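Below is start-v2.cif, holding mmCIF, C-alpha atoms.
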data_protein
loop_
_atom_site.label_atom_id
_atom_site.label_comp_id
_atom_site.auth_asym_id
_atom_site.auth_seq_id
_atom_site.Cartn_x
_atom_site.Cartn_y
_atom_site.Cartn_z
CA MET A 1 21.15 66.99 -138.68
CA GLN A 2 18.57 67.00 -135.91
CA LYS A 3 14.87 67.25 -136.57
CA LEU A 4 14.06 70.90 -137.19
CA VAL A 5 11.02 72.41 -135.43
CA GLY A 6 10.22 69.90 -132.74
CA SER A 7 6.81 68.30 -132.41
CA ALA A 8 6.24 69.86 -128.97
CA VAL A 9 6.94 73.33 -130.38
CA THR A 10 4.73 72.69 -133.41
CA GLU A 11 1.91 71.47 -131.16
CA ALA A 12 2.29 74.46 -128.82
CA LEU A 13 2.07 76.82 -131.80
CA ARG A 14 -1.06 75.10 -133.08
CA ASP A 15 -2.70 75.08 -129.63
CA GLY A 16 -1.33 78.31 -128.16
CA GLY A 17 -3.23 80.89 -130.14
CA GLY A 18 -2.26 84.21 -131.62
CA GLU A 19 -0.28 85.71 -128.78
CA ALA A 20 1.91 82.61 -128.39
CA ILE A 21 2.57 82.61 -132.14
CA ARG A 22 3.40 86.32 -132.13
CA LEU A 23 5.85 85.97 -129.24
CA TYR A 24 7.49 82.94 -130.81
CA VAL A 25 8.11 84.65 -134.17
CA ALA A 26 9.29 87.85 -132.45
CA THR A 27 11.97 85.88 -130.62
CA CYS A 28 13.06 84.01 -133.76
CA ALA A 29 13.33 87.27 -135.73
CA GLU A 30 15.22 88.99 -132.91
CA ARG A 31 17.83 86.24 -132.84
CA MET A 32 18.29 86.42 -136.62
CA ALA A 33 18.27 90.25 -136.87
CA PRO A 34 22.03 90.79 -136.41
CA LEU A 35 22.66 88.50 -139.37
CA PHE A 36 20.80 90.88 -141.65
CA VAL A 37 21.50 94.23 -140.05
CA GLY A 38 25.14 93.50 -139.25
CA LEU A 39 26.00 91.78 -142.50
CA ARG A 40 24.38 94.56 -144.52
CA ALA A 41 25.92 97.39 -142.46
CA GLY A 42 27.72 99.85 -144.64
CA GLU A 43 26.37 98.35 -147.85
CA PRO A 44 25.53 101.29 -150.13
CA GLY A 45 21.87 101.65 -151.01
CA ARG A 46 20.64 99.29 -148.30
CA GLU A 47 20.06 101.82 -145.53
CA ALA A 48 16.27 101.78 -146.00
CA ASP A 49 16.21 97.97 -145.98
CA ARG A 50 18.22 97.83 -142.73
CA ASP A 51 16.00 100.46 -141.11
CA PHE A 52 12.87 98.63 -142.23
CA TYR A 53 14.21 95.34 -140.88
CA VAL A 54 14.91 96.91 -137.48
CA GLU A 55 11.45 98.53 -137.38
CA CYS A 56 9.77 95.23 -138.22
CA VAL A 57 11.60 93.32 -135.50
CA ARG A 58 10.74 96.04 -132.98
CA ASP A 59 7.07 95.91 -133.98
CA LEU A 60 6.96 92.13 -133.72
CA TRP A 61 7.49 92.40 -129.96
CA GLN A 62 3.99 93.89 -129.66
CA ALA A 63 2.69 90.37 -129.22
CA ASP A 64 -0.63 91.37 -127.64
CA ARG A 65 -2.14 92.20 -131.04
CA PRO A 66 -1.49 91.34 -134.69
CA LEU A 67 0.36 93.83 -136.85
CA ALA A 68 -2.15 95.84 -138.84
CA ASP A 69 0.17 96.28 -141.81
CA ALA A 70 1.84 92.87 -141.85
CA THR A 71 0.80 92.08 -145.43
CA ALA A 72 2.35 95.30 -146.73
CA GLY A 73 5.48 94.54 -144.71
CA VAL A 74 5.73 91.05 -146.19
CA ARG A 75 5.41 92.48 -149.71
CA ARG A 76 8.20 94.96 -148.98
CA LEU A 77 10.44 92.24 -147.56
CA GLU A 78 9.84 90.11 -150.63
CA ARG A 79 11.44 92.88 -152.70
CA PHE A 80 14.71 92.61 -150.74
CA TRP A 81 17.58 91.43 -152.91
CA GLU A 82 18.07 88.38 -150.70
CA LEU A 83 14.58 87.07 -151.48
CA GLN A 84 14.72 87.55 -155.25
CA PRO A 85 15.05 84.50 -157.51
CA ASN A 86 18.65 83.99 -158.53
CA GLU A 87 19.61 81.42 -161.17
CA GLU A 88 23.14 81.18 -159.80
CA GLY A 89 22.03 80.77 -156.21
CA ILE A 90 23.47 82.47 -153.18
CA THR A 91 26.96 81.29 -152.34
CA ALA A 92 28.75 84.07 -150.47
CA VAL A 93 28.69 83.45 -146.72
CA ALA A 94 27.36 86.89 -145.80
CA ASP A 95 24.65 86.64 -148.45
CA VAL A 96 23.54 83.20 -147.28
CA TYR A 97 23.05 84.29 -143.66
CA ALA A 98 21.42 87.59 -144.70
CA PHE A 99 19.04 85.50 -146.83
CA PHE A 100 18.10 83.31 -143.88
CA ALA A 101 17.53 86.40 -141.73
CA ALA A 102 15.33 88.07 -144.37
CA LEU A 103 13.33 84.88 -144.91
CA CYS A 104 12.88 84.39 -141.18
CA LEU A 105 11.52 87.93 -140.86
CA ARG A 106 9.25 87.40 -143.85
CA TYR A 107 7.61 84.39 -142.17
CA ALA A 108 7.57 86.17 -138.80
CA MET A 109 5.71 89.14 -140.25
CA SER A 110 3.22 86.87 -141.99
CA ALA A 111 2.61 84.76 -138.88
CA HIS A 112 2.32 87.83 -136.66
CA GLY A 113 -0.31 89.38 -138.90
CA SER A 114 -2.32 86.25 -139.67
CA GLY A 115 -1.81 84.09 -136.59
CA SER A 116 -0.88 81.21 -138.89
CA PRO A 117 0.87 78.42 -137.00
CA ASP A 118 2.21 77.14 -140.34
CA ASP A 119 3.98 80.44 -141.02
CA ALA A 120 5.31 80.39 -137.45
CA VAL A 121 6.69 76.87 -137.96
CA SER A 122 8.28 78.06 -141.23
CA CYS A 123 9.86 80.97 -139.35
CA GLY A 124 11.34 78.59 -136.78
CA HIS A 125 12.43 76.18 -139.51
CA VAL A 126 14.43 78.93 -141.24
CA ALA A 127 16.19 79.88 -137.99
CA LEU A 128 17.00 76.25 -137.24
CA THR A 129 18.27 75.62 -140.76
CA ALA A 130 20.59 78.62 -140.53
CA MET A 131 21.88 77.53 -137.14
CA GLY A 132 22.46 73.97 -138.33
CA MET A 133 24.51 75.36 -141.18
CA LEU A 134 26.42 77.63 -138.82
CA ASP A 135 27.21 74.63 -136.61
CA GLU A 136 28.63 72.83 -139.65
CA ASN A 137 30.89 75.80 -140.42
CA VAL A 138 32.12 76.73 -136.94
CA ALA A 139 34.07 74.09 -135.06
CA GLY A 140 32.53 73.15 -131.72
CA ALA A 141 29.47 75.36 -132.18
CA SER A 142 26.09 74.48 -130.70
CA PHE A 143 23.86 77.14 -132.25
CA LEU A 144 21.27 74.60 -133.40
CA ALA A 145 20.78 73.20 -129.91
CA ASP A 146 20.58 76.71 -128.51
CA GLU A 147 17.95 77.67 -131.08
CA HIS A 148 15.89 74.61 -130.18
CA ARG A 149 16.13 75.56 -126.50
CA LEU A 150 15.16 79.19 -127.12
CA GLN A 151 12.25 78.22 -129.35
CA SER A 152 10.89 75.97 -126.60
CA LEU A 153 11.51 78.66 -124.00
CA SER A 154 9.51 81.21 -126.02
CA LEU A 155 6.46 78.95 -125.70
CA SER A 156 6.97 78.00 -122.05
CA GLY A 157 4.81 80.77 -120.62
CA ASP A 158 7.74 82.31 -118.74
CA VAL A 159 8.77 85.29 -120.86
CA SER A 160 11.10 86.87 -118.30
CA GLY A 161 14.51 87.29 -119.82
CA LEU A 162 13.36 86.11 -123.26
CA TRP A 163 14.23 89.36 -125.04
CA ASP A 164 17.66 89.52 -123.40
CA ALA A 165 18.35 85.88 -124.28
CA SER A 166 17.29 86.49 -127.89
CA VAL A 167 19.46 89.60 -128.24
CA THR A 168 22.44 87.80 -126.72
CA ALA A 169 21.99 84.77 -128.98
CA GLY A 170 21.72 87.03 -132.03
CA ARG A 171 24.97 88.78 -131.17
CA GLU A 172 26.76 85.46 -130.66
CA ARG A 173 25.56 84.26 -134.07
CA PHE A 174 26.74 87.44 -135.73
CA ARG A 175 30.17 87.13 -134.12
CA ALA A 176 30.42 83.53 -135.28
CA VAL A 177 29.52 84.43 -138.87
CA LEU A 178 32.01 87.31 -138.82
CA GLY A 179 34.68 84.96 -137.52
CA HIS A 180 33.84 82.51 -140.29
CA LEU A 181 34.10 85.32 -142.87
CA ILE A 182 37.49 86.40 -141.52
CA ARG A 183 38.85 82.84 -141.50
CA GLY A 184 37.31 82.09 -144.94
#
Go ahead and express the file in the form of structure tokens.
Amino acid sequence: MQKLVGSAVTEALRDGGGEAIRLYVATCAERMAPLFVGLRAGEPGREADRDFYVECVRDLWQADRPLADATAGVRRLERFWELQPNEEGITAVADVYAFFAALCLRYAMSAHGSGSPDDAVSCGHVALTAMGMLDENVAGASFLADEHRLQSLSLSGDVSGLWDASVTAGRERFRAVLGHLIRG
């Protein structure tokens, strides 16, 4: 497996300041959102979690200022089923990718509120880990390389088209996981 968060991205997060960190984590969370929202669609009792997830991702795009209630949001996310300790581990495909999406958002919220480059790197690491795993499970996939490219792009200073690219990538990931579920 390739190196996860690249050194250039890590350096840019450490040197770029709060707004660069906030934009970076917003893009990571946007790309992972369909894996939570889509895989938890129709699951009884999870409507509030899905709505909260969507609200958080929307709020992350306000990159010009830190989220005022990020700590409360992180605490709420940490109560999601996916982030609870589980002695048996998570083995179902849908649960694994929903876990990665929830964890990515957890780090994104923390980084957005605090400006912590370490939390931002953790957010990117989660997204890259999930995409590396998806590549291993979908023949001919290149989600990991695409995630690396999009992470670098989010720190390039040219934000035009970044939201569209993130939404498109998220949809492609969701379709790939659904295809894997159907074939599995």
Tell me, as a PyMOL selection string, which residues lie within 8 Å of Gly124 of chain A, counting all atoms listed in the file; anything in the same chain fewer than 3 positions away does not count. chain A and resi 5+25+28+104+120-121+127-128+151
For this file, the PyMOL selection byres ((chain A and resi 154) around 12) selects which residues, as a PyMOL selection string? chain A and resi 9+12-13+16+19-28+30-31+63+124+147-153+155-166
Find the residues near Met109 of chain A: any atom within 10 Å, counting only C-alpha atoms, skip ones fewer than 5 places away on the same chain, and give them as a list in words. Arg22, Val25, Ala26, Ala29, Cys56, Val57, Asp59, Leu60, Pro66, Leu67, Asp69, Ala70, Thr71, Ala72, Gly73, Val74, Leu77, Leu103, Cys104, Ser114, Gly115, Asp119, Ala120 and Cys123 of chain A
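Residues in contact with segment 50-53 of chain A at 10 Å, where only C-alpha atoms are counted and same-chain residues fewer than 5 positions away are skipped, are listed as Ala29, Ala33, Phe36, Val37, Gly38, Leu39, Arg40, Ala41, Gly42, Glu43, Gly45, Arg58, Asp59, Gly73, Arg76, Leu77, Ala101, Ala102, Leu105 and Arg106 of chain A.
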Env of segment 135-141 of chain A: 9 Å cut, atoms = all atoms listed in the file, seq-sep filter 5 positions within chain, self excluded. Answer as a PyMOL selection string. chain A and resi 130+176-177+179-180
Using all atoms listed in the file, find the one residue out of A:Ser110, A:Phe100, A:Arg46, A:Arg75 that sits nearest to His125 of chain A.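 Using all atoms listed in the file, His125 of chain A sits closest to A:Phe100.
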Picked residues, the PyMOL selection byres ((chain A and resi 170) around 8), expected as a list in words: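 Answer for the PyMOL selection byres ((chain A and resi 170) around 8): Glu30, Arg31, Met32, Ala33, Pro34, Leu35, Ser166, Val167, Thr168, Ala169, Arg171, Glu172, Arg173 and Phe174 of chain A.
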Export, as an mmCIF file, keeping the file's coordinate frame, the selected residues with C-alpha atoms.
data_model
loop_
_atom_site.group_PDB
_atom_site.id
_atom_site.type_symbol
_atom_site.label_atom_id
_atom_site.label_comp_id
_atom_site.auth_asym_id
_atom_site.auth_seq_id
_atom_site.Cartn_x
_atom_site.Cartn_y
_atom_site.Cartn_z
ATOM 1 C CA GLU A 30 15.220 88.990 -132.910
ATOM 2 C CA ARG A 31 17.830 86.240 -132.840
ATOM 3 C CA MET A 32 18.290 86.420 -136.620
ATOM 4 C CA ALA A 33 18.270 90.250 -136.870
ATOM 5 C CA PRO A 34 22.030 90.790 -136.410
ATOM 6 C CA LEU A 35 22.660 88.500 -139.370
ATOM 7 C CA SER A 166 17.290 86.490 -127.890
ATOM 8 C CA VAL A 167 19.460 89.600 -128.240
ATOM 9 C CA THR A 168 22.440 87.800 -126.720
ATOM 10 C CA ALA A 169 21.990 84.770 -128.980
ATOM 11 C CA ARG A 171 24.970 88.780 -131.170
ATOM 12 C CA GLU A 172 26.760 85.460 -130.660
ATOM 13 C CA ARG A 173 25.560 84.260 -134.070
ATOM 14 C CA PHE A 174 26.740 87.440 -135.730
#
Padding of 6 Å on every side, edges along x, y and z, all listed atoms of segment 87-105 of chain A included: what centre and edge lengths in Å, to one decimal, does that box have, as AutoDock Vina command-line options?
--center_x 20.1 --center_y 84.4 --center_z -151.0 --size_x 29.2 --size_y 19.3 --size_z 32.3
Which value, in Å to one decimal, gives the distance between atom CA of Asp118 of chain A and atom CA of Arg14 of chain A?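 Atom CA of Arg14 of chain A lies at a distance of 8.2 Å from atom CA of Asp118 of chain A.
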Nearest to Tyr107 of chain A: which of A:Glu55, A:Asp64, A:Asp49, A:Glu78 is it, counting only C-alpha atoms? A:Glu78
State, in Å with one decimal place, the distance from atom CA of Gly113 of chain A to atom CA of Trp61 of chain A. 12.2 Å
Nearest candidate to Glu47 of chain A (options A:Phe80, A:Thr10, A:Thr91, A:Gly17; using only C-alpha atoms):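 Among the listed residues, the smallest separation from Glu47 of chain A belongs to A:Phe80.
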